[in-house]
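Let me begin by presenting the structure, written as structure tokens, before commenting on it.
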Amino acid sequence: MKLSAFGRKFTAEAGITSLMDDLGNALASGDDMIMMGGGNPGQVPEMQARLRQVLGDIVDDEDAFRRLVGIYDPPQGEKQFIAALVELLNREYGWDLTPANIALTNGSQAAFFMLFNMFGGDDGEGRQRHILLPLAPEYIGYADAGLGKDLFHAVKPEITHTGPHEFKYRVDFDALEVTEETGAICVSRPTNPTGNVVTDEEMARLEAIAAERDVPLIVDGAYGTPFPSLLFVDATPRWNDNIILCLSLSKLGLPAARTGIVIAAEPVIKALSGINAIMNLATGSFGAMLAEPLVRSGEILSLSRDVVCPFYQRKMRKAVAVLEDALGERCPWAVHKPEGAMFLWLWFPDLPVSSLALYERLKRRGVLVVSGHYFFPGLPEDDWRHRHECLRVTYSQDDERVAEGLRAIADEVLTIWAEAGSARR
């Protein structure tokens, strides 16, 4: 099979495809694997009940059901949902949006593929523009989203210790360089994989830098504000014509509905809608129609704040307590300060094996995690050991299974240290 450059690139090994293959194979095999690798949200009972109620209302309404399954939406997305979202955000935040400021995509992964290649790559004038990631590590799904090579440039973080076994990444503004080749700046908030929340002060500085250099600031809010608001610290939602805010319905409990939301200046939305038409013809209606009553009433905000966020915060606290009990002072370890999302980012300084080797050992024990080395797109392959000392684990699933998996991780790490000690003797 003779493939084009496009074909070769998108059939090559990639972190996101390895992750999804592992998840899919483990689920399909029926093995008793502890699934701590993916970003699948937990089943929040209150959200499930409310969504079933809305779905029942749609099924009972002949016109609504016809819209759900029998009509193409325009490339920009389902109009009633967009209109309701405009009204909600203007009312809550005074953003002065119109329907021309919002487009829907078939999942936020598709949105980022389109946006990154809109602003990055060959600009037709002899430059190769890049997407600047001001804080690595970043989302594994970004890494291979570019049509060309070397789409991303990233900056190593400042690492501050916030507790005996806790640390936090911060933007190193001294190392942040926006050049003529920078097409856009992109930051996730909170960050997958680490649960880091870029502070309001950091966001204001990034916004000012982007505006000064006349490049857009893309904010990945898939876990953030205004919904699903998986935030355990304060964070102010912001939007203006230079910010492209990307949201998702997945973490509210609709991952299978594949509904991404892009809020941006009208020219960006018009361009995105055109690409949507070419790639997808139309976006799916299912997620938008399920969420529209919640948006219209404002319930989406209260459910996010009062139901979904506390659900994950309770799980996070239980998971951290298990780690503290299982590892204690027995070996060097730390967890990134869990400020949001649904992940723990574990750091094992000076671990005698790489995080990829640890991942393989854990998989043999029936625990599926993700090696941290995948989460540094845009950084050169250098000798920075830190990137090979980290794991991402999710705590979104059943608490007992999560605890079992965390104890297995702790036991394997302690075993590795014991083996290294024996080898030295």
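Order determines the names: the first chain of the structure tokens is A, the second B, and so forth; residues in each chain are numbered 1 upward, and ligands are numbered 1 upward as they are shown.
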
Selection near range 223-232 of chain A, 10 Å with only C-alpha atoms, sequence-local residues under 3 positions removed, as a PyMOL selection string: chain A and resi 89+92-93+188-192+195-197+219-220+235-238+245-253+300-313+316+338-342

Find the residues around Ala110 in chain A up to 12 Å (only C-alpha atoms counted), leave out those fewer than 5 positions away in its own chain, and share them as a ChimeraX atom specification. /A:104-105,115-117,141-142,145-146,246,248,258-262,272,275-276,279-280,283

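Note that the spacing between CA of Ala357 in chain A and CA of Gln109 in chain A amounts to 27.9 Å.
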
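Of the residues listed (A:Ile243, A:Val322, A:Leu132, A:Leu327), A:Leu132 shows the shortest atom-to-atom separation from Ala154 in chain A; distances use only C-alpha atoms.
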
Could you go through range 278-424 of chain A and tell me which residues DSSP, when run on the backbone, assigns to alpha helix (DSSP H), listing them as a PDB file with N, CA and C atoms, in the first residue's frame?
```pdb
ATOM      1  N   ILE A 278     -16.510  20.606   5.061  1.00  0.00           N
ATOM      2  CA  ILE A 278     -15.694  19.754   4.201  1.00  0.00           C
ATOM      3  C   ILE A 278     -15.382  18.417   4.877  1.00  0.00           C
ATOM      4  N   MET A 279     -15.039  18.473   6.153  1.00  0.00           N
ATOM      5  CA  MET A 279     -14.626  17.257   6.851  1.00  0.00           C
ATOM      6  C   MET A 279     -15.799  16.385   7.285  1.00  0.00           C
ATOM      7  N   ASN A 280     -16.886  17.017   7.724  1.00  0.00           N
ATOM      8  CA  ASN A 280     -17.955  16.269   8.381  1.00  0.00           C
ATOM      9  C   ASN A 280     -19.332  16.448   7.752  1.00  0.00           C
ATOM     10  N   PHE A 286     -26.924  15.063  18.674  1.00  0.00           N
ATOM     11  CA  PHE A 286     -27.346  14.359  19.882  1.00  0.00           C
ATOM     12  C   PHE A 286     -26.947  15.087  21.164  1.00  0.00           C
ATOM     13  N   GLY A 287     -25.664  15.408  21.297  1.00  0.00           N
ATOM     14  CA  GLY A 287     -25.212  16.064  22.518  1.00  0.00           C
ATOM     15  C   GLY A 287     -25.831  17.428  22.715  1.00  0.00           C
ATOM     16  N   ALA A 288     -25.899  18.210  21.621  1.00  0.00           N
ATOM     17  CA  ALA A 288     -26.453  19.558  21.711  1.00  0.00           C
ATOM     18  C   ALA A 288     -27.911  19.534  22.138  1.00  0.00           C
ATOM     19  N   MET A 289     -28.688  18.603  21.587  1.00  0.00           N
ATOM     20  CA  MET A 289     -30.110  18.560  21.940  1.00  0.00           C
ATOM     21  C   MET A 289     -30.331  18.053  23.350  1.00  0.00           C
ATOM     22  N   LEU A 290     -29.489  17.125  23.813  1.00  0.00           N
ATOM     23  CA  LEU A 290     -29.602  16.672  25.205  1.00  0.00           C
ATOM     24  C   LEU A 290     -29.261  17.787  26.183  1.00  0.00           C
ATOM     25  N   ALA A 291     -28.276  18.597  25.831  1.00  0.00           N
ATOM     26  CA  ALA A 291     -27.812  19.638  26.754  1.00  0.00           C
ATOM     27  C   ALA A 291     -28.611  20.933  26.657  1.00  0.00           C
ATOM     28  N   GLU A 292     -29.334  21.139  25.563  1.00  0.00           N
ATOM     29  CA  GLU A 292     -29.995  22.432  25.343  1.00  0.00           C
ATOM     30  C   GLU A 292     -30.949  22.835  26.463  1.00  0.00           C
ATOM     31  N   PRO A 293     -31.811  21.947  26.988  1.00  0.00           N
ATOM     32  CA  PRO A 293     -32.671  22.365  28.097  1.00  0.00           C
ATOM     33  C   PRO A 293     -31.881  22.775  29.341  1.00  0.00           C
ATOM     34  N   LEU A 294     -30.741  22.122  29.574  1.00  0.00           N
ATOM     35  CA  LEU A 294     -29.916  22.455  30.736  1.00  0.00           C
ATOM     36  C   LEU A 294     -29.244  23.806  30.553  1.00  0.00           C
ATOM     37  N   VAL A 295     -28.883  24.121  29.318  1.00  0.00           N
ATOM     38  CA  VAL A 295     -28.284  25.424  29.025  1.00  0.00           C
ATOM     39  C   VAL A 295     -29.344  26.516  29.105  1.00  0.00           C
ATOM     40  N   ARG A 296     -30.497  26.263  28.532  1.00  0.00           N
ATOM     41  CA  ARG A 296     -31.553  27.272  28.495  1.00  0.00           C
ATOM     42  C   ARG A 296     -31.998  27.677  29.902  1.00  0.00           C
ATOM     43  N   SER A 297     -32.038  26.706  30.821  1.00  0.00           N
ATOM     44  CA  SER A 297     -32.458  26.995  32.197  1.00  0.00           C
ATOM     45  C   SER A 297     -31.316  27.471  33.082  1.00  0.00           C
ATOM     46  N   GLU A 299     -29.268  25.382  34.259  1.00  0.00           N
ATOM     47  CA  GLU A 299     -29.018  24.213  35.109  1.00  0.00           C
ATOM     48  C   GLU A 299     -27.640  23.611  34.863  1.00  0.00           C
ATOM     49  N   ILE A 300     -27.113  23.789  33.662  1.00  0.00           N
ATOM     50  CA  ILE A 300     -25.802  23.223  33.353  1.00  0.00           C
ATOM     51  C   ILE A 300     -24.725  23.783  34.288  1.00  0.00           C
ATOM     52  N   LEU A 301     -24.881  25.026  34.716  1.00  0.00           N
ATOM     53  CA  LEU A 301     -23.907  25.639  35.621  1.00  0.00           C
ATOM     54  C   LEU A 301     -24.070  25.115  37.038  1.00  0.00           C
ATOM     55  N   SER A 302     -25.295  25.020  37.517  1.00  0.00           N
ATOM     56  CA  SER A 302     -25.504  24.541  38.888  1.00  0.00           C
ATOM     57  C   SER A 302     -25.180  23.054  39.006  1.00  0.00           C
ATOM     58  N   LEU A 303     -25.505  22.263  37.985  1.00  0.00           N
ATOM     59  CA  LEU A 303     -25.131  20.849  38.018  1.00  0.00           C
ATOM     60  C   LEU A 303     -23.617  20.683  38.015  1.00  0.00           C
ATOM     61  N   CYS A 309     -18.614  18.643  40.039  1.00  0.00           N
ATOM     62  CA  CYS A 309     -17.335  18.981  40.674  1.00  0.00           C
ATOM     63  C   CYS A 309     -17.158  18.295  42.033  1.00  0.00           C
ATOM     64  N   PRO A 310     -18.140  18.357  42.946  1.00  0.00           N
ATOM     65  CA  PRO A 310     -17.957  17.667  44.227  1.00  0.00           C
ATOM     66  C   PRO A 310     -17.772  16.158  44.078  1.00  0.00           C
ATOM     67  N   PHE A 311     -18.415  15.558  43.085  1.00  0.00           N
ATOM     68  CA  PHE A 311     -18.255  14.122  42.825  1.00  0.00           C
ATOM     69  C   PHE A 311     -16.781  13.786  42.595  1.00  0.00           C
ATOM     70  N   TYR A 312     -16.111  14.570  41.746  1.00  0.00           N
ATOM     71  CA  TYR A 312     -14.708  14.295  41.444  1.00  0.00           C
ATOM     72  C   TYR A 312     -13.779  14.734  42.573  1.00  0.00           C
ATOM     73  N   GLN A 313     -14.129  15.783  43.266  1.00  0.00           N
ATOM     74  CA  GLN A 313     -13.279  16.233  44.363  1.00  0.00           C
ATOM     75  C   GLN A 313     -13.238  15.191  45.481  1.00  0.00           C
ATOM     76  N   ARG A 314     -14.377  14.570  45.765  1.00  0.00           N
ATOM     77  CA  ARG A 314     -14.388  13.494  46.767  1.00  0.00           C
ATOM     78  C   ARG A 314     -13.496  12.348  46.321  1.00  0.00           C
ATOM     79  N   LYS A 315     -13.587  11.976  45.048  1.00  0.00           N
ATOM     80  CA  LYS A 315     -12.769  10.888  44.533  1.00  0.00           C
ATOM     81  C   LYS A 315     -11.279  11.233  44.602  1.00  0.00           C
ATOM     82  N   MET A 316     -10.941  12.470  44.268  1.00  0.00           N
ATOM     83  CA  MET A 316      -9.547  12.901  44.313  1.00  0.00           C
ATOM     84  C   MET A 316      -8.990  12.755  45.719  1.00  0.00           C
ATOM     85  N   ARG A 317      -9.731  13.223  46.724  1.00  0.00           N
ATOM     86  CA  ARG A 317      -9.241  13.162  48.101  1.00  0.00           C
ATOM     87  C   ARG A 317      -9.043  11.723  48.569  1.00  0.00           C
ATOM     88  N   LYS A 318      -9.939  10.842  48.182  1.00  0.00           N
ATOM     89  CA  LYS A 318      -9.775   9.429  48.538  1.00  0.00           C
ATOM     90  C   LYS A 318      -8.529   8.846  47.880  1.00  0.00           C
ATOM     91  N   ALA A 319      -8.313   9.186  46.613  1.00  0.00           N
ATOM     92  CA  ALA A 319      -7.158   8.644  45.886  1.00  0.00           C
ATOM     93  C   ALA A 319      -5.844   9.116  46.496  1.00  0.00           C
ATOM     94  N   VAL A 320      -5.761  10.395  46.829  1.00  0.00           N
ATOM     95  CA  VAL A 320      -4.534  10.925  47.426  1.00  0.00           C
ATOM     96  C   VAL A 320      -4.272  10.262  48.775  1.00  0.00           C
ATOM     97  N   ALA A 321      -5.333  10.039  49.549  1.00  0.00           N
ATOM     98  CA  ALA A 321      -5.172   9.388  50.857  1.00  0.00           C
ATOM     99  C   ALA A 321      -4.631   7.968  50.701  1.00  0.00           C
ATOM    100  N   VAL A 322      -5.077   7.250  49.681  1.00  0.00           N
ATOM    101  CA  VAL A 322      -4.561   5.897  49.431  1.00  0.00           C
ATOM    102  C   VAL A 322      -3.071   5.947  49.113  1.00  0.00           C
ATOM    103  N   LEU A 323      -2.666   6.889  48.265  1.00  0.00           N
ATOM    104  CA  LEU A 323      -1.247   7.020  47.925  1.00  0.00           C
ATOM    105  C   LEU A 323      -0.401   7.324  49.151  1.00  0.00           C
ATOM    106  N   GLU A 324      -0.862   8.256  49.962  1.00  0.00           N
ATOM    107  CA  GLU A 324      -0.101   8.629  51.158  1.00  0.00           C
ATOM    108  C   GLU A 324       0.064   7.438  52.087  1.00  0.00           C
ATOM    109  N   ASP A 325      -0.976   6.618  52.200  1.00  0.00           N
ATOM    110  CA  ASP A 325      -0.892   5.436  53.062  1.00  0.00           C
ATOM    111  C   ASP A 325       0.026   4.370  52.458  1.00  0.00           C
ATOM    112  N   ALA A 326      -0.045   4.191  51.128  1.00  0.00           N
ATOM    113  CA  ALA A 326       0.701   3.110  50.487  1.00  0.00           C
ATOM    114  C   ALA A 326       2.181   3.423  50.309  1.00  0.00           C
ATOM    115  N   LEU A 327       2.513   4.696  50.141  1.00  0.00           N
ATOM    116  CA  LEU A 327       3.910   5.053  49.881  1.00  0.00           C
ATOM    117  C   LEU A 327       4.595   5.703  51.072  1.00  0.00           C
ATOM    118  N   SER A 355       9.339   5.610  32.980  1.00  0.00           N
ATOM    119  CA  SER A 355       7.891   5.534  33.179  1.00  0.00           C
ATOM    120  C   SER A 355       7.256   4.567  32.189  1.00  0.00           C
ATOM    121  N   LEU A 356       7.836   4.424  30.996  1.00  0.00           N
ATOM    122  CA  LEU A 356       7.305   3.474  30.014  1.00  0.00           C
ATOM    123  C   LEU A 356       7.504   2.042  30.500  1.00  0.00           C
ATOM    124  N   ALA A 357       8.676   1.769  31.081  1.00  0.00           N
ATOM    125  CA  ALA A 357       8.917   0.434  31.645  1.00  0.00           C
ATOM    126  C   ALA A 357       7.977   0.172  32.817  1.00  0.00           C
ATOM    127  N   LEU A 358       7.749   1.179  33.639  1.00  0.00           N
ATOM    128  CA  LEU A 358       6.813   1.030  34.756  1.00  0.00           C
ATOM    129  C   LEU A 358       5.411   0.755  34.230  1.00  0.00           C
ATOM    130  N   TYR A 359       5.012   1.454  33.180  1.00  0.00           N
ATOM    131  CA  TYR A 359       3.702   1.221  32.558  1.00  0.00           C
ATOM    132  C   TYR A 359       3.569  -0.239  32.114  1.00  0.00           C
ATOM    133  N   GLU A 360       4.605  -0.766  31.461  1.00  0.00           N
ATOM    134  CA  GLU A 360       4.551  -2.153  30.983  1.00  0.00           C
ATOM    135  C   GLU A 360       4.450  -3.131  32.148  1.00  0.00           C
ATOM    136  N   ARG A 361       5.188  -2.866  33.217  1.00  0.00           N
ATOM    137  CA  ARG A 361       5.134  -3.745  34.390  1.00  0.00           C
ATOM    138  C   ARG A 361       3.744  -3.712  35.025  1.00  0.00           C
ATOM    139  N   LEU A 362       3.161  -2.530  35.083  1.00  0.00           N
ATOM    140  CA  LEU A 362       1.822  -2.411  35.672  1.00  0.00           C
ATOM    141  C   LEU A 362       0.774  -3.090  34.794  1.00  0.00           C
ATOM    142  N   LYS A 363       0.929  -2.986  33.485  1.00  0.00           N
ATOM    143  CA  LYS A 363      -0.035  -3.637  32.584  1.00  0.00           C
ATOM    144  C   LYS A 363      -0.016  -5.148  32.796  1.00  0.00           C
ATOM    145  N   ARG A 364       1.170  -5.703  33.036  1.00  0.00           N
ATOM    146  CA  ARG A 364       1.255  -7.144  33.308  1.00  0.00           C
ATOM    147  C   ARG A 364       0.569  -7.501  34.619  1.00  0.00           C
ATOM    148  N   ASP A 399     -14.373   3.688  43.259  1.00  0.00           N
ATOM    149  CA  ASP A 399     -13.373   4.040  44.277  1.00  0.00           C
ATOM    150  C   ASP A 399     -12.545   2.838  44.727  1.00  0.00           C
ATOM    151  N   GLU A 400     -13.174   1.691  44.898  1.00  0.00           N
ATOM    152  CA  GLU A 400     -12.433   0.520  45.367  1.00  0.00           C
ATOM    153  C   GLU A 400     -11.434   0.038  44.325  1.00  0.00           C
ATOM    154  N   ARG A 401     -11.839   0.088  43.061  1.00  0.00           N
ATOM    155  CA  ARG A 401     -10.922  -0.320  42.000  1.00  0.00           C
ATOM    156  C   ARG A 401      -9.775   0.677  41.862  1.00  0.00           C
ATOM    157  N   VAL A 402     -10.085   1.955  41.995  1.00  0.00           N
ATOM    158  CA  VAL A 402      -9.028   2.967  41.952  1.00  0.00           C
ATOM    159  C   VAL A 402      -8.033   2.736  43.078  1.00  0.00           C
ATOM    160  N   ALA A 403      -8.539   2.470  44.295  1.00  0.00           N
ATOM    161  CA  ALA A 403      -7.651   2.224  45.435  1.00  0.00           C
ATOM    162  C   ALA A 403      -6.791   0.986  45.190  1.00  0.00           C
ATOM    163  N   GLU A 404      -7.393  -0.060  44.634  1.00  0.00           N
ATOM    164  CA  GLU A 404      -6.641  -1.279  44.327  1.00  0.00           C
ATOM    165  C   GLU A 404      -5.531  -0.982  43.327  1.00  0.00           C
ATOM    166  N   GLY A 405      -5.846  -0.192  42.300  1.00  0.00           N
ATOM    167  CA  GLY A 405      -4.850   0.157  41.308  1.00  0.00           C
ATOM    168  C   GLY A 405      -3.726   0.996  41.882  1.00  0.00           C
ATOM    169  N   LEU A 406      -4.054   1.968  42.717  1.00  0.00           N
ATOM    170  CA  LEU A 406      -3.028   2.820  43.326  1.00  0.00           C
ATOM    171  C   LEU A 406      -2.111   2.013  44.238  1.00  0.00           C
ATOM    172  N   ARG A 407      -2.670   1.065  44.966  1.00  0.00           N
ATOM    173  CA  ARG A 407      -1.826   0.219  45.831  1.00  0.00           C
ATOM    174  C   ARG A 407      -0.898  -0.649  44.976  1.00  0.00           C
ATOM    175  N   ALA A 408      -1.387  -1.106  43.824  1.00  0.00           N
ATOM    176  CA  ALA A 408      -0.530  -1.889  42.925  1.00  0.00           C
ATOM    177  C   ALA A 408       0.608  -1.029  42.374  1.00  0.00           C
ATOM    178  N   ILE A 409       0.302   0.220  42.031  1.00  0.00           N
ATOM    179  CA  ILE A 409       1.350   1.138  41.562  1.00  0.00           C
ATOM    180  C   ILE A 409       2.398   1.333  42.648  1.00  0.00           C
ATOM    181  N   ALA A 410       1.939   1.601  43.862  1.00  0.00           N
ATOM    182  CA  ALA A 410       2.868   1.799  44.978  1.00  0.00           C
ATOM    183  C   ALA A 410       3.726   0.557  45.201  1.00  0.00           C
ATOM    184  N   ASP A 411       3.097  -0.613  45.168  1.00  0.00           N
ATOM    185  CA  ASP A 411       3.836  -1.850  45.396  1.00  0.00           C
ATOM    186  C   ASP A 411       4.875  -2.079  44.303  1.00  0.00           C
ATOM    187  N   GLU A 412       4.514  -1.769  43.052  1.00  0.00           N
ATOM    188  CA  GLU A 412       5.459  -1.980  41.943  1.00  0.00           C
ATOM    189  C   GLU A 412       6.632  -1.019  42.046  1.00  0.00           C
ATOM    190  N   VAL A 413       6.362   0.229  42.395  1.00  0.00           N
ATOM    191  CA  VAL A 413       7.446   1.206  42.548  1.00  0.00           C
ATOM    192  C   VAL A 413       8.381   0.787  43.679  1.00  0.00           C
ATOM    193  N   LEU A 414       7.830   0.357  44.795  1.00  0.00           N
ATOM    194  CA  LEU A 414       8.665  -0.090  45.907  1.00  0.00           C
ATOM    195  C   LEU A 414       9.472  -1.333  45.526  1.00  0.00           C
ATOM    196  N   THR A 415       8.866  -2.220  44.740  1.00  0.00           N
ATOM    197  CA  THR A 415       9.587  -3.400  44.259  1.00  0.00           C
ATOM    198  C   THR A 415      10.766  -3.004  43.376  1.00  0.00           C
ATOM    199  N   ILE A 416      10.550  -2.014  42.511  1.00  0.00           N
ATOM    200  CA  ILE A 416      11.629  -1.539  41.630  1.00  0.00           C
ATOM    201  C   ILE A 416      12.781  -0.977  42.449  1.00  0.00           C
ATOM    202  N   TRP A 417      12.460  -0.201  43.465  1.00  0.00           N
ATOM    203  CA  TRP A 417      13.518   0.342  44.325  1.00  0.00           C
ATOM    204  C   TRP A 417      14.248  -0.774  45.071  1.00  0.00           C
ATOM    205  N   ALA A 418      13.501  -1.794  45.515  1.00  0.00           N
ATOM    206  CA  ALA A 418      14.138  -2.917  46.215  1.00  0.00           C
ATOM    207  C   ALA A 418      15.051  -3.699  45.273  1.00  0.00           C
ATOM    208  N   GLU A 419      14.614  -3.891  44.027  1.00  0.00           N
ATOM    209  CA  GLU A 419      15.443  -4.606  43.043  1.00  0.00           C
ATOM    210  C   GLU A 419      16.719  -3.810  42.751  1.00  0.00           C
ATOM    211  N   ALA A 420      16.573  -2.474  42.656  1.00  0.00           N
ATOM    212  CA  ALA A 420      17.752  -1.644  42.401  1.00  0.00           C
ATOM    213  C   ALA A 420      18.727  -1.705  43.559  1.00  0.00           C
ATOM    214  N   GLY A 421      18.205  -1.759  44.785  1.00  0.00           N
ATOM    215  CA  GLY A 421      19.070  -1.870  45.953  1.00  0.00           C
ATOM    216  C   GLY A 421      19.802  -3.186  45.984  1.00  0.00           C
ATOM    217  N   SER A 422      19.129  -4.276  45.619  1.00  0.00           N
ATOM    218  CA  SER A 422      19.767  -5.583  45.586  1.00  0.00           C
ATOM    219  C   SER A 422      20.849  -5.644  44.525  1.00  0.00           C
ATOM    220  N   ALA A 423      20.554  -5.013  43.359  1.00  0.00           N
ATOM    221  CA  ALA A 423      21.536  -5.028  42.281  1.00  0.00           C
ATOM    222  C   ALA A 423      22.793  -4.272  42.686  1.00  0.00           C
ATOM    223  N   ARG A 424      22.646  -3.158  43.419  1.00  0.00           N
ATOM    224  CA  ARG A 424      23.818  -2.388  43.857  1.00  0.00           C
ATOM    225  C   ARG A 424      24.666  -3.159  44.859  1.00  0.00           C
TER     226      ARG A 424
END
```

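For the choices A:Val369, A:Val69, A:Leu3, A:Leu55, the atom-to-atom distance to Gly284 in chain A is smallest for A:Val69 when using only C-alpha atoms.
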
Can you check which residues of range 118-365 of chain A DSSP gives as strand (DSSP E or B) on the backbone and send them as JSON, numbers by chain? {"A": [121, 122, 128, 129, 130, 131, 132, 133, 152, 153, 154, 158, 159, 160, 161, 162, 163, 166, 167, 168, 169, 170, 182, 183, 184, 185, 186, 187, 188, 217, 218, 219, 220, 231, 243, 244, 245, 246, 247, 248, 260, 261, 262, 263, 334, 335, 336, 340, 343, 344, 345, 346, 347]}

Could you take the residues named above and write them with C-alpha atoms, as a compact mmCIF listing (two decimals), in the first residue's frame?
```
# COMPACT_ATOMS: atom_id res chain seq x y z
CA GLY A 121 1.99 24.81 9.63
CA ASP A 122 2.88 26.21 6.19
CA GLN A 128 6.31 27.25 9.08
CA ARG A 129 4.16 28.52 11.90
CA HIS A 130 4.01 26.69 15.22
CA ILE A 131 1.59 26.41 18.12
CA LEU A 132 3.23 27.57 21.35
CA LEU A 133 2.45 25.54 24.48
CA PHE A 152 4.38 22.48 18.54
CA HIS A 153 6.94 24.42 20.53
CA ALA A 154 6.69 23.97 24.29
CA GLU A 158 8.97 25.95 36.74
CA ILE A 159 8.49 23.32 39.46
CA THR A 160 7.59 24.51 42.94
CA HIS A 161 7.14 22.20 45.93
CA THR A 162 3.83 22.85 47.67
CA GLY A 163 3.97 20.08 50.28
CA GLU A 166 3.23 17.64 46.42
CA PHE A 167 4.42 20.02 43.69
CA LYS A 168 3.01 22.41 41.10
CA TYR A 169 4.00 23.44 37.58
CA ARG A 170 4.03 27.15 36.77
CA THR A 182 4.21 31.59 16.32
CA GLY A 183 0.73 31.04 14.92
CA ALA A 184 -1.16 30.70 18.21
CA ILE A 185 -0.67 30.08 21.93
CA CYS A 186 -2.56 27.17 23.49
CA VAL A 187 -3.07 26.25 27.14
CA SER A 188 -5.46 23.82 28.82
CA LEU A 217 -4.84 32.47 22.72
CA ILE A 218 -6.53 29.07 22.52
CA VAL A 219 -7.88 27.94 25.89
CA ASP A 220 -8.79 24.26 26.22
CA LEU A 231 -12.03 22.90 39.40
CA ILE A 243 -9.37 34.24 22.93
CA ILE A 244 -10.59 30.98 21.37
CA LEU A 245 -12.34 29.14 24.19
CA CYS A 246 -12.94 25.44 23.60
CA LEU A 247 -15.46 23.57 25.75
CA SER A 248 -16.88 20.05 25.75
CA GLY A 260 -17.11 20.14 21.17
CA ILE A 261 -17.88 23.85 21.51
CA VAL A 262 -15.70 26.65 20.13
CA ILE A 263 -16.28 30.26 21.21
CA ALA A 334 5.19 13.35 44.72
CA VAL A 335 1.81 14.16 43.20
CA HIS A 336 1.08 17.32 41.26
CA GLY A 340 -8.98 20.08 38.81
CA PHE A 343 -6.27 12.78 37.05
CA LEU A 344 -3.36 12.39 39.42
CA TRP A 345 0.06 13.12 37.95
CA LEU A 346 2.58 11.03 39.85
CA TRP A 347 6.28 11.86 39.92
```

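Between CA of Leu368 in chain A and CA of Gly107 in chain A there is a distance of 24.1 Å.
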
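Nearest to Ala271 in chain A of all the residues A:Ala64, A:Leu88, A:Gly94, A:Met114 is A:Met114, based on only C-alpha atoms.
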